[in-house]
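Everything below concerns the one structure shown next.
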Amino acid sequence: MRLDKKTLLDMLYYMKLTREIEARIERKLYRQGKIVGGVYVGRGQEAIAVGSCIQLEKDDCICPSHRDMGAFLIRGMAPREIFAQYMARRTGATRGKDANLHMGDMSRNIVAFVSMLADTIPVAAGIGLTYRMRKQRNVVLCYFGDGATSRGDWHEGLNLASVQKAPVVYICNNNYYAYSTPLEKQMAVKDIAVRAQAYAMPGVIVDGNDVVEVYRATKQAIELAREGGGPSLIECKTFRMTGHSAHDDLKYVPKELFVEWEKKDPILRLESSLIRNQTVTEDEVKKLATRITQEVDEGVSLAENDPFPNPQETLEGVYADQNVEAPLAFANMFFSDK
Amino acid sequence: MAVVTYLEAIRQGIVEEMERDSNVFVLGEDVGAYGGAFKVTEGLLERFGEERVIDTPISESAIVGAAIGAALMGMRPIAEMQFADFISCAFDQITNFAAKCRYRWGAGVPLVIRGPSGGGVHGGPFHSQNPEMHYVHTPGLKVVAPSTAYDAKGLIKAAIRDEDPVVYFEHKFLYRRIKEELPDGDLIVPIGKADVKREGSDLSVLTYGAMVHLALEAAVALAKDGIELEVVDLRTLLPLDKESVLESVKKTSKVILLHEDTRTGGIAGELAAIIAEEAFEYLDGPIMRITAPDTPVPYSPPLEEFFLPKTSDIIRVARQLAAY
């Protein structure tokens, strides 16, 4: 299967856009104190979200994790919304209610991540179940890291999805570290993919830094799911080129690992192979980079001028049919009447 | 008009809503072919098929997680916890995922989680609990606990139609012991509204669930001594019907807070705070609590009987308070 030029260029664009946005967030806005909360990026892992999400149809759904920026972009989140989200503005995807990639939008079929890892595993099964009940040929892509596979919800969710033949593709960003804990201290198995056997679903291992390989493996799993063949597990081997979060000094990671994985950088690999086989010219690549810088600059400047939420909005949106009462509402009324 | 039990009332409510709206479906352990451990969902599989009555693995967290996923897509899932005690296994999905979706990113999760709670049937520590306050302490959820067949039916229907996640605690002691005639037609009991089950002028008992029936028994006994109890059934614990609570307290000026749940952190403490803040000047006596002690629910009959609040407790405290 050869991928067409448009798909390849789109993938290059989204991977580069991801990296540029995250670089701006982590290396500029965070250091400038413009992002008050945690920053988690997926540098070096961009191929996984992009190579899988790029092939979805409009009514398909994603449950991304905190290192899957590319999936948000492909589903239509604009850089401005993302920067505003990180900078806690009311124009961000959660209107200042939550931080970083903890955001979603059901009008774009993006389910928001929570910090309790693997919670979206059964949620994705329920979305898949809905497609099945409605006789829709849609699929869910559900993303998580190696760390999440140690939680009970991961196992409960995969089991339920498999029993129900829910059309879900479970995609693991195996970046070797759960915060500071390396894989061998997380699990006795060498490969996460083998866990699929326990749930009678296909489990494949791919080079997570090769976007074309991610694309192909996901395509196969998506087709199986659309045909009613149930869920699959794809383990994408990659490496976290950053700390767990922006404040992590990374002293637990041997330096040579970064040198080794730098050579496997997914963006450089795609870019150089596209130039080598003359799919694109160096000039086209330069133009793409310029376009991305412009989009990111524009997103940042719009978001920086966006307002913070009004303090009273704290009380809004807990329920569909009512706002929550302010804590001192009665005291204010009682004492002002006296 | 037909006489139905509390249990049948819940089933009727579910069946009517499933017939009304094809997005409504049931999932849980043994809910299909077996009809549920207490038979609440009996007959549903035959009527609606296995796409809408789904037997699941023993995975409470995945049951609720999957229900959340379906609800995000516009379905109206009813997730059964075989015993309310097991809801703890799904605590994270309920409190972190379902309860916070709307607030965080504006996504509604119209989901019902229902299960049998409460003691009095010698179920022991893991089949008798009243876990409601874990959920009452979680903004974003609604929590209901009906005491009559009428309320059981009206509240399950309201819960299914609600746009937000509702945790519905049905009291297993009442399942087949309580029955009444229900009117024909669409019976809805609004969430967030308490109900005065008996009017009285001397003393208010604020309670819910199986304890409502003990309070009513006590009221009959006390009336013979000329003490008139007002029995307020909260019906919904979150959001609390503060107005009805304060109205009754302002009317009687003396209040007993009664629940089967354990004492510390029970709803009585919250009610006492509201009354002290907002009806202080109306009180003619101390706010009294009658609750289970702060222990797990014991199994052996003499222990469980000691544990559960009794009608005689209410009568004794009411007499003391009336004389205050």
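Residues are referred to by chain and number: the chain letter is A, B, ... according to the order shown in the structure tokens, the number counts from 1 in that chain, and ligands are numbered separately from 1 in the order shown.
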Chain A residues near chain B (7 Å cut-off, only C-alpha atoms) as a ChimeraX atom specification: /A:93-94,97-98,103-106,119,122-127,130,133,153,156-157,160,317-320
Any chance you can output those residues with C-alpha atoms as a PDB file, in the first residue's frame?
```
ATOM      1  CA  ALA A  93     -11.802  24.502  25.017  1.00  0.00           C
ATOM      2  CA  THR A  94     -12.768  24.212  28.694  1.00  0.00           C
ATOM      3  CA  LYS A  97     -12.202  24.987  33.889  1.00  0.00           C
ATOM      4  CA  ASP A  98      -9.406  22.512  33.132  1.00  0.00           C
ATOM      5  CA  MET A 103     -10.138  19.087  26.769  1.00  0.00           C
ATOM      6  CA  GLY A 104     -12.790  17.739  24.485  1.00  0.00           C
ATOM      7  CA  ASP A 105     -15.665  18.674  22.242  1.00  0.00           C
ATOM      8  CA  MET A 106     -18.433  16.258  21.349  1.00  0.00           C
ATOM      9  CA  ASP A 119     -10.508   5.834  32.444  1.00  0.00           C
ATOM     10  CA  PRO A 122     -14.170   1.527  28.977  1.00  0.00           C
ATOM     11  CA  VAL A 123     -15.595   4.876  27.853  1.00  0.00           C
ATOM     12  CA  ALA A 124     -14.338   4.103  24.332  1.00  0.00           C
ATOM     13  CA  ALA A 125     -15.978   0.675  24.596  1.00  0.00           C
ATOM     14  CA  GLY A 126     -19.296   2.413  25.375  1.00  0.00           C
ATOM     15  CA  ILE A 127     -18.936   4.724  22.383  1.00  0.00           C
ATOM     16  CA  THR A 130     -23.315   2.919  20.647  1.00  0.00           C
ATOM     17  CA  MET A 133     -26.440  -0.367  18.526  1.00  0.00           C
ATOM     18  CA  ASP A 153      -9.784   0.039  34.126  1.00  0.00           C
ATOM     19  CA  GLU A 156     -11.783  -4.175  32.500  1.00  0.00           C
ATOM     20  CA  GLY A 157     -12.253  -1.948  29.478  1.00  0.00           C
ATOM     21  CA  LEU A 160     -15.659  -5.577  27.935  1.00  0.00           C
ATOM     22  CA  GLY A 317     -21.928  24.521  34.168  1.00  0.00           C
ATOM     23  CA  VAL A 318     -22.032  21.950  36.955  1.00  0.00           C
ATOM     24  CA  TYR A 319     -25.551  20.940  35.899  1.00  0.00           C
ATOM     25  CA  ALA A 320     -27.647  21.432  32.802  1.00  0.00           C
TER      26      ALA A 320
END
```
For stretch 163-180 of chain A: contacts at 7 Å, only C-alpha atoms, fewer than 5 positions along chain excluded, given as number ranges by chain: A: 124-125, 128-129, 139-147, 221-222, 225-226, 228-240, 244, 252
For the selection you just gave me, I'd like the residues written to a file as a PDB file, in the first residue's frame, keeping C-alpha atoms.
```
ATOM      1  CA  ALA A 124     -14.338   4.103  24.332  1.00  0.00           C
ATOM      2  CA  ALA A 125     -15.978   0.675  24.596  1.00  0.00           C
ATOM      3  CA  GLY A 128     -18.178   1.711  20.206  1.00  0.00           C
ATOM      4  CA  LEU A 129     -21.195  -0.069  21.648  1.00  0.00           C
ATOM      5  CA  VAL A 139     -14.830   3.458  15.018  1.00  0.00           C
ATOM      6  CA  VAL A 140     -13.230   4.910  18.123  1.00  0.00           C
ATOM      7  CA  LEU A 141      -9.500   5.498  18.447  1.00  0.00           C
ATOM      8  CA  CYS A 142      -8.515   5.354  22.095  1.00  0.00           C
ATOM      9  CA  TYR A 143      -5.017   6.494  23.086  1.00  0.00           C
ATOM     10  CA  PHE A 144      -3.026   5.888  26.261  1.00  0.00           C
ATOM     11  CA  GLY A 145       0.527   5.363  27.463  1.00  0.00           C
ATOM     12  CA  ASP A 146       2.391   2.358  28.806  1.00  0.00           C
ATOM     13  CA  GLY A 147       1.677   3.511  32.354  1.00  0.00           C
ATOM     14  CA  ALA A 221      -7.389  -2.366  12.751  1.00  0.00           C
ATOM     15  CA  ILE A 222      -9.947   0.240  11.675  1.00  0.00           C
ATOM     16  CA  ALA A 225     -13.532  -2.785  13.539  1.00  0.00           C
ATOM     17  CA  ARG A 226     -15.756  -1.368  10.791  1.00  0.00           C
ATOM     18  CA  GLY A 228     -17.705  -5.910  13.024  1.00  0.00           C
ATOM     19  CA  GLY A 229     -14.519  -7.768  13.943  1.00  0.00           C
ATOM     20  CA  GLY A 230     -14.151  -5.998  17.264  1.00  0.00           C
ATOM     21  CA  PRO A 231     -11.308  -4.151  18.940  1.00  0.00           C
ATOM     22  CA  SER A 232      -7.547  -4.291  18.389  1.00  0.00           C
ATOM     23  CA  LEU A 233      -4.519  -3.221  20.360  1.00  0.00           C
ATOM     24  CA  ILE A 234      -1.620  -1.465  18.660  1.00  0.00           C
ATOM     25  CA  GLU A 235       1.543  -0.982  20.649  1.00  0.00           C
ATOM     26  CA  CYS A 236       3.576   1.898  19.245  1.00  0.00           C
ATOM     27  CA  LYS A 237       7.140   1.724  20.528  1.00  0.00           C
ATOM     28  CA  THR A 238       8.514   5.203  21.007  1.00  0.00           C
ATOM     29  CA  PHE A 239      10.431   7.297  23.485  1.00  0.00           C
ATOM     30  CA  ARG A 240       9.519  10.290  25.586  1.00  0.00           C
ATOM     31  CA  HIS A 244       6.977  13.698  32.333  1.00  0.00           C
ATOM     32  CA  TYR A 252      16.654   9.365  35.872  1.00  0.00           C
TER      33      TYR A 252
END
```
Selection near B:Ala268, 8 Å with only C-alpha atoms, sequence-local residues under 2 positions removed, as a VMD selection string: chain B and resid 257 to 259 263 265 to 266 270 to 272 289
Saved selection, atoms kept: N, CA and C atoms, as a compact mmCIF listing (two decimals), in the first residue's frame:
```txt
# COMPACT_ATOMS: atom_id res chain seq x y z
N LEU B 257 -33.25 14.66 62.75
CA LEU B 257 -32.67 14.24 61.48
C LEU B 257 -32.41 12.75 61.58
N LEU B 258 -33.00 11.99 60.68
CA LEU B 258 -32.99 10.52 60.80
C LEU B 258 -32.42 9.89 59.54
N HIS B 259 -31.39 9.07 59.69
CA HIS B 259 -30.97 8.27 58.54
C HIS B 259 -30.33 6.94 58.93
N ARG B 263 -23.22 7.75 61.11
CA ARG B 263 -23.43 9.06 61.69
C ARG B 263 -22.52 10.16 61.11
N GLY B 265 -20.52 12.40 58.89
CA GLY B 265 -20.54 12.69 57.46
C GLY B 265 -21.84 12.30 56.78
N GLY B 266 -22.84 11.90 57.55
CA GLY B 266 -24.16 11.62 56.98
C GLY B 266 -24.87 12.91 56.60
N GLU B 270 -25.12 17.82 57.34
CA GLU B 270 -25.31 18.90 56.36
C GLU B 270 -26.63 19.64 56.63
N LEU B 271 -27.67 18.86 56.91
CA LEU B 271 -28.97 19.47 57.20
C LEU B 271 -28.88 20.32 58.47
N ALA B 272 -28.18 19.82 59.47
CA ALA B 272 -28.04 20.57 60.73
C ALA B 272 -27.36 21.91 60.47
N ARG B 289 -30.02 14.14 66.09
CA ARG B 289 -29.75 13.15 65.04
C ARG B 289 -30.06 11.74 65.52
```
Spatial neighbours of A:Glu304, 12 Å, only C-alpha atoms, chain gap at least 6 places, as a list of chain:residue names: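 The residues that qualify are A:Leu29, A:Lys34, A:Ile35, A:Pro79, A:Arg80, A:Glu81, A:Ile82, A:Phe83, A:Ala84, A:Gln85, A:Tyr86, A:Met87, A:Ala88, A:Arg89, A:Arg90, A:Thr91, A:Gly92, A:Asp297, A:Glu298.
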Restricting the output to N, CA and C atoms, write the selected residues as a CSV table (one decimal), in the first residue's frame.
```
chain,number,residue,atom,x,y,z
A,29,LEU,N,6.0,29.9,26.4
A,29,LEU,CA,4.9,30.4,27.3
A,29,LEU,C,5.0,29.9,28.7
A,34,LYS,N,3.4,32.4,31.5
A,34,LYS,CA,2.0,32.6,31.0
A,34,LYS,C,1.1,31.3,31.1
A,35,ILE,N,1.7,30.2,31.4
A,35,ILE,CA,1.0,29.0,31.7
A,35,ILE,C,1.2,28.7,33.1
A,79,PRO,N,-5.2,26.2,16.7
A,79,PRO,CA,-4.1,26.6,17.7
A,79,PRO,C,-4.5,27.6,18.7
A,80,ARG,N,-5.4,28.6,18.3
A,80,ARG,CA,-5.8,29.6,19.3
A,80,ARG,C,-6.5,28.9,20.5
A,81,GLU,N,-7.5,28.0,20.2
A,81,GLU,CA,-8.2,27.3,21.2
A,81,GLU,C,-7.2,26.6,22.2
A,82,ILE,N,-6.2,26.0,21.6
A,82,ILE,CA,-5.3,25.2,22.4
A,82,ILE,C,-4.4,26.1,23.3
A,83,PHE,N,-3.9,27.2,22.7
A,83,PHE,CA,-3.1,28.2,23.5
A,83,PHE,C,-4.0,28.8,24.6
A,84,ALA,N,-5.2,29.1,24.2
A,84,ALA,CA,-6.1,29.7,25.2
A,84,ALA,C,-6.4,28.7,26.3
A,85,GLN,N,-6.5,27.5,26.0
A,85,GLN,CA,-6.7,26.4,27.0
A,85,GLN,C,-5.5,26.4,27.9
A,86,TYR,N,-4.3,26.3,27.4
A,86,TYR,CA,-3.1,26.3,28.2
A,86,TYR,C,-3.0,27.5,29.1
A,87,MET,N,-3.4,28.7,28.5
A,87,MET,CA,-3.2,29.9,29.3
A,87,MET,C,-4.5,30.3,30.1
A,88,ALA,N,-5.4,29.3,30.2
A,88,ALA,CA,-6.5,29.4,31.2
A,88,ALA,C,-7.5,30.5,30.8
A,89,ARG,N,-7.6,30.8,29.5
A,89,ARG,CA,-8.5,31.8,29.0
A,89,ARG,C,-9.9,31.3,28.8
A,90,ARG,N,-10.9,32.2,28.8
A,90,ARG,CA,-12.3,31.7,28.6
A,90,ARG,C,-12.6,31.2,27.2
A,91,THR,N,-11.7,31.5,26.3
A,91,THR,CA,-11.9,31.0,24.9
A,91,THR,C,-11.3,29.6,24.7
A,92,GLY,N,-10.6,29.1,25.7
A,92,GLY,CA,-10.0,27.8,25.6
A,92,GLY,C,-11.2,26.7,25.6
A,297,ASP,N,2.2,31.6,15.5
A,297,ASP,CA,2.3,33.0,15.9
A,297,ASP,C,0.9,33.6,16.1
A,298,GLU,N,0.1,33.4,15.1
A,298,GLU,CA,-1.2,34.0,15.1
A,298,GLU,C,-2.0,33.5,16.3
```
Best match for closeness to B:Glu230 among B:Gly123, B:Gly200, B:Pro298, B:Gly209, counting only C-alpha atoms: B:Gly200
Shell around B:Arg20 at 12 Å using only C-alpha atoms, local window under 4 positions removed, as number ranges by chain: B: 13-16, 24-25, 76, 157, 160-161, 186
Test item: residues at most 9 Å from stretch 218-225 of chain B, only C-alpha atoms, excluding those fewer than 2 positions along its chain, as an NGL selection string: :B and (198 or 200 or 213-216 or 227-231 or 311-315 or 318-319)
Output for the residues just chosen: C-alpha atoms as a PDB file, in the first residue's frame:
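Printed below is result-v1.pdb as written:
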```
ATOM      1  CA  ARG B 198     -47.280  13.351  56.971  1.00  0.00           C
ATOM      2  CA  GLY B 200     -47.657  17.694  61.828  1.00  0.00           C
ATOM      3  CA  HIS B 213     -41.616   4.202  57.111  1.00  0.00           C
ATOM      4  CA  LEU B 214     -40.188   4.074  60.634  1.00  0.00           C
ATOM      5  CA  ALA B 215     -40.878   7.774  61.053  1.00  0.00           C
ATOM      6  CA  LEU B 216     -44.465   7.271  59.899  1.00  0.00           C
ATOM      7  CA  ILE B 227     -47.450  14.811  69.705  1.00  0.00           C
ATOM      8  CA  GLU B 228     -47.838  15.590  66.015  1.00  0.00           C
ATOM      9  CA  LEU B 229     -44.816  14.635  63.896  1.00  0.00           C
ATOM     10  CA  GLU B 230     -44.251  16.084  60.475  1.00  0.00           C
ATOM     11  CA  VAL B 231     -42.428  13.568  58.291  1.00  0.00           C
ATOM     12  CA  THR B 311     -39.089   3.221  65.619  1.00  0.00           C
ATOM     13  CA  SER B 312     -38.603   3.168  69.379  1.00  0.00           C
ATOM     14  CA  ASP B 313     -35.556   5.454  68.989  1.00  0.00           C
ATOM     15  CA  ILE B 314     -37.660   7.994  67.144  1.00  0.00           C
ATOM     16  CA  ILE B 315     -40.449   7.830  69.723  1.00  0.00           C
ATOM     17  CA  ALA B 318     -39.355  12.849  69.886  1.00  0.00           C
ATOM     18  CA  ARG B 319     -40.793  12.754  73.415  1.00  0.00           C
TER      19      ARG B 319
END
```
Those in stretch 143-251 of chain B with alpha helix (DSSP H) from DSSP, as a PyMOL selection string: chain B and resi 149-161+211-223+242-251
Kindly export the residues of the current selection with N, CA and C atoms, as a CSV table (one decimal), in the first residue's frame.
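So selection-v7.csv came out as:
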```csv
chain,number,residue,atom,x,y,z
B,149,ALA,N,-43.4,3.3,46.3
B,149,ALA,CA,-43.5,2.8,45.0
B,149,ALA,C,-43.8,4.0,44.0
B,150,TYR,N,-44.6,4.9,44.5
B,150,TYR,CA,-44.9,6.1,43.6
B,150,TYR,C,-43.6,6.9,43.3
B,151,ASP,N,-42.9,7.2,44.4
B,151,ASP,CA,-41.6,7.9,44.2
B,151,ASP,C,-40.6,7.1,43.4
B,152,ALA,N,-40.6,5.8,43.7
B,152,ALA,CA,-39.6,4.9,43.0
B,152,ALA,C,-39.8,5.0,41.5
B,153,LYS,N,-41.1,4.9,41.1
B,153,LYS,CA,-41.4,5.0,39.6
B,153,LYS,C,-41.1,6.4,39.1
B,154,GLY,N,-41.7,7.4,39.8
B,154,GLY,CA,-41.5,8.8,39.3
B,154,GLY,C,-40.1,9.2,39.3
B,155,LEU,N,-39.3,8.8,40.2
B,155,LEU,CA,-37.9,9.2,40.2
B,155,LEU,C,-37.0,8.5,39.2
B,156,ILE,N,-37.3,7.2,38.9
B,156,ILE,CA,-36.5,6.5,37.9
B,156,ILE,C,-36.8,7.1,36.6
B,157,LYS,N,-38.0,7.5,36.3
B,157,LYS,CA,-38.3,8.1,35.0
B,157,LYS,C,-37.7,9.5,34.9
B,158,ALA,N,-37.7,10.2,36.0
B,158,ALA,CA,-37.1,11.6,36.0
B,158,ALA,C,-35.6,11.4,35.8
B,159,ALA,N,-35.0,10.4,36.5
B,159,ALA,CA,-33.6,10.2,36.4
B,159,ALA,C,-33.2,9.9,34.9
B,160,ILE,N,-33.9,9.0,34.3
B,160,ILE,CA,-33.6,8.6,32.9
B,160,ILE,C,-33.7,9.8,32.0
B,161,ARG,N,-34.6,10.7,32.2
B,161,ARG,CA,-34.8,11.9,31.4
B,161,ARG,C,-33.8,13.0,31.7
B,211,MET,N,-36.2,4.6,56.2
B,211,MET,CA,-36.4,5.3,57.5
B,211,MET,C,-37.7,6.1,57.4
B,212,VAL,N,-38.2,6.4,56.3
B,212,VAL,CA,-39.5,7.2,56.2
B,212,VAL,C,-40.6,6.4,56.8
B,213,HIS,N,-40.5,5.1,56.6
B,213,HIS,CA,-41.6,4.2,57.1
B,213,HIS,C,-41.5,4.1,58.6
B,214,LEU,N,-40.3,4.1,59.2
B,214,LEU,CA,-40.2,4.1,60.6
B,214,LEU,C,-40.7,5.4,61.2
B,215,ALA,N,-40.4,6.5,60.6
B,215,ALA,CA,-40.9,7.8,61.1
B,215,ALA,C,-42.4,7.8,61.0
B,216,LEU,N,-43.0,7.3,60.0
B,216,LEU,CA,-44.5,7.3,59.9
B,216,LEU,C,-45.1,6.4,61.0
B,217,GLU,N,-44.4,5.3,61.3
B,217,GLU,CA,-44.9,4.4,62.4
B,217,GLU,C,-44.8,5.2,63.7
B,218,ALA,N,-43.7,5.8,63.9
B,218,ALA,CA,-43.5,6.6,65.2
B,218,ALA,C,-44.6,7.7,65.3
B,219,ALA,N,-44.9,8.3,64.1
B,219,ALA,CA,-45.8,9.4,64.1
B,219,ALA,C,-47.2,8.9,64.6
B,220,VAL,N,-47.6,7.7,64.2
B,220,VAL,CA,-48.9,7.2,64.6
B,220,VAL,C,-48.9,6.9,66.1
B,221,ALA,N,-47.8,6.4,66.6
B,221,ALA,CA,-47.7,6.1,68.0
B,221,ALA,C,-47.7,7.4,68.8
B,222,LEU,N,-47.0,8.4,68.4
B,222,LEU,CA,-46.9,9.6,69.1
B,222,LEU,C,-48.2,10.5,69.1
B,223,ALA,N,-48.9,10.3,68.0
B,223,ALA,CA,-50.2,11.0,67.9
B,223,ALA,C,-51.1,10.7,69.0
B,242,LYS,N,-33.7,22.6,49.9
B,242,LYS,CA,-33.5,23.4,51.1
B,242,LYS,C,-34.8,24.1,51.5
B,243,GLU,N,-35.6,24.5,50.5
B,243,GLU,CA,-36.8,25.3,50.8
B,243,GLU,C,-37.8,24.5,51.7
B,244,SER,N,-38.0,23.2,51.2
B,244,SER,CA,-38.9,22.4,52.0
B,244,SER,C,-38.4,22.1,53.4
B,245,VAL,N,-37.1,21.9,53.5
B,245,VAL,CA,-36.5,21.6,54.8
B,245,VAL,C,-36.8,22.8,55.7
B,246,LEU,N,-36.4,24.0,55.2
B,246,LEU,CA,-36.5,25.2,56.1
B,246,LEU,C,-38.0,25.5,56.4
B,247,GLU,N,-38.9,25.2,55.4
B,247,GLU,CA,-40.3,25.5,55.6
B,247,GLU,C,-40.8,24.6,56.8
B,248,SER,N,-40.4,23.4,56.8
B,248,SER,CA,-40.9,22.5,57.9
B,248,SER,C,-40.3,22.9,59.2
B,249,VAL,N,-39.1,23.2,59.2
B,249,VAL,CA,-38.4,23.6,60.5
B,249,VAL,C,-39.0,24.9,61.0
B,250,LYS,N,-39.3,25.8,60.1
B,250,LYS,CA,-39.9,27.1,60.6
B,250,LYS,C,-41.3,26.9,61.1
B,251,LYS,N,-42.0,25.8,60.6
B,251,LYS,CA,-43.3,25.5,61.1
B,251,LYS,C,-43.3,24.9,62.4
```
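Note that the spacing between atom CA of A:Asn159 and atom CA of B:Lys39 amounts to 25.8 Å.
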All strand (DSSP E or B) positions in stretch 3-186 of chain B, as a ChimeraX atom specification: /B:3-5,24-28,53-55,76-80,112-117,142-144,166-171,179-182
Proximity to A:Ile21 - best of A:Val324, A:Ile121, A:Leu73, A:Leu250, only C-alpha atoms: A:Leu73
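Candidate residues B:Glu80, B:Glu17, B:Asp233, B:Glu8 were compared for distance to B:Leu187, and the nearest is B:Glu17, using only C-alpha atoms.
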A:Leu8 surroundings by only C-alpha atoms, 12 Å radius, close-in-sequence under 4 positions cut, as a list in words: Arg2, Leu3, Asp4, Leu12, Tyr13, Tyr14, Met15, Ala47, Val50, Gly51, Ile54, Gln55, Asp210, Val211, Val212, Tyr215, Ile267, Leu270, Glu271, Ser273, Leu274, Ile275, Thr279 and Val280 of chain A
Produce a file of the selected residues containing N, CA and C atoms, as an mmCIF file, in the first residue's frame.
```cif
data_model
loop_
_atom_site.group_PDB
_atom_site.id
_atom_site.type_symbol
_atom_site.label_atom_id
_atom_site.label_comp_id
_atom_site.auth_asym_id
_atom_site.auth_seq_id
_atom_site.Cartn_x
_atom_site.Cartn_y
_atom_site.Cartn_z
ATOM 1 N N ARG A 2 0.765 2.033 -1.050
ATOM 2 C CA ARG A 2 1.501 3.303 -1.094
ATOM 3 C C ARG A 2 0.558 4.430 -0.686
ATOM 4 N N LEU A 3 1.053 5.326 0.130
ATOM 5 C CA LEU A 3 0.209 6.447 0.537
ATOM 6 C C LEU A 3 0.325 7.565 -0.490
ATOM 7 N N ASP A 4 -0.800 8.238 -0.744
ATOM 8 C CA ASP A 4 -0.755 9.320 -1.729
ATOM 9 C C ASP A 4 -0.047 10.549 -1.144
ATOM 10 N N LEU A 12 2.846 15.164 7.514
ATOM 11 C CA LEU A 12 4.019 15.987 7.827
ATOM 12 C C LEU A 12 3.583 17.308 8.457
ATOM 13 N N TYR A 13 2.566 17.900 7.874
ATOM 14 C CA TYR A 13 2.049 19.172 8.393
ATOM 15 C C TYR A 13 1.587 19.041 9.851
ATOM 16 N N TYR A 14 0.762 18.044 10.128
ATOM 17 C CA TYR A 14 0.227 17.920 11.492
ATOM 18 C C TYR A 14 1.315 17.556 12.509
ATOM 19 N N MET A 15 2.276 16.759 12.079
ATOM 20 C CA MET A 15 3.377 16.435 13.002
ATOM 21 C C MET A 15 4.207 17.676 13.307
ATOM 22 N N ALA A 47 4.189 10.946 15.620
ATOM 23 C CA ALA A 47 3.731 10.064 14.540
ATOM 24 C C ALA A 47 2.528 9.218 14.952
ATOM 25 N N VAL A 50 -0.849 11.264 14.827
ATOM 26 C CA VAL A 50 -1.088 11.741 13.462
ATOM 27 C C VAL A 50 -1.315 10.578 12.495
ATOM 28 N N GLY A 51 -0.462 9.575 12.550
ATOM 29 C CA GLY A 51 -0.584 8.457 11.605
ATOM 30 C C GLY A 51 -1.874 7.668 11.769
ATOM 31 N N ILE A 54 -5.375 10.592 11.271
ATOM 32 C CA ILE A 54 -5.524 11.225 9.954
ATOM 33 C C ILE A 54 -6.533 10.494 9.068
ATOM 34 N N GLN A 55 -6.738 9.220 9.330
ATOM 35 C CA GLN A 55 -7.599 8.440 8.430
ATOM 36 C C GLN A 55 -9.038 8.282 8.933
ATOM 37 N N ASP A 210 7.616 5.784 13.164
ATOM 38 C CA ASP A 210 7.464 5.699 11.709
ATOM 39 C C ASP A 210 5.983 5.921 11.391
ATOM 40 N N VAL A 211 5.679 7.112 10.926
ATOM 41 C CA VAL A 211 4.270 7.489 10.775
ATOM 42 C C VAL A 211 3.555 6.608 9.743
ATOM 43 N N VAL A 212 4.288 6.165 8.747
ATOM 44 C CA VAL A 212 3.658 5.328 7.715
ATOM 45 C C VAL A 212 3.308 3.953 8.297
ATOM 46 N N TYR A 215 0.304 4.391 10.385
ATOM 47 C CA TYR A 215 -0.858 4.544 9.497
ATOM 48 C C TYR A 215 -1.378 3.173 9.031
ATOM 49 N N ILE A 267 9.654 13.095 12.700
ATOM 50 C CA ILE A 267 9.452 14.174 11.718
ATOM 51 C C ILE A 267 10.615 14.206 10.730
ATOM 52 N N LEU A 270 10.329 11.253 8.244
ATOM 53 C CA LEU A 270 9.355 11.418 7.158
ATOM 54 C C LEU A 270 9.849 12.470 6.169
ATOM 55 N N GLU A 271 10.317 13.570 6.723
ATOM 56 C CA GLU A 271 10.757 14.670 5.875
ATOM 57 C C GLU A 271 11.894 14.231 4.938
ATOM 58 N N SER A 273 12.725 11.229 4.023
ATOM 59 C CA SER A 273 12.333 10.216 3.036
ATOM 60 C C SER A 273 11.489 10.837 1.916
ATOM 61 N N LEU A 274 10.698 11.820 2.252
ATOM 62 C CA LEU A 274 9.896 12.486 1.208
ATOM 63 C C LEU A 274 10.785 13.287 0.257
ATOM 64 N N ILE A 275 11.841 13.877 0.802
ATOM 65 C CA ILE A 275 12.767 14.621 -0.058
ATOM 66 C C ILE A 275 13.584 13.650 -0.911
ATOM 67 N N THR A 279 9.132 13.200 -3.349
ATOM 68 C CA THR A 279 7.706 13.509 -3.178
ATOM 69 C C THR A 279 7.549 15.017 -2.945
ATOM 70 N N VAL A 280 8.490 15.570 -2.211
ATOM 71 C CA VAL A 280 8.486 17.036 -2.007
ATOM 72 C C VAL A 280 9.898 17.580 -2.234
#
```
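Between atom CA of A:Ser107 and atom CA of A:Asp68 lies a distance of 18.7 Å.
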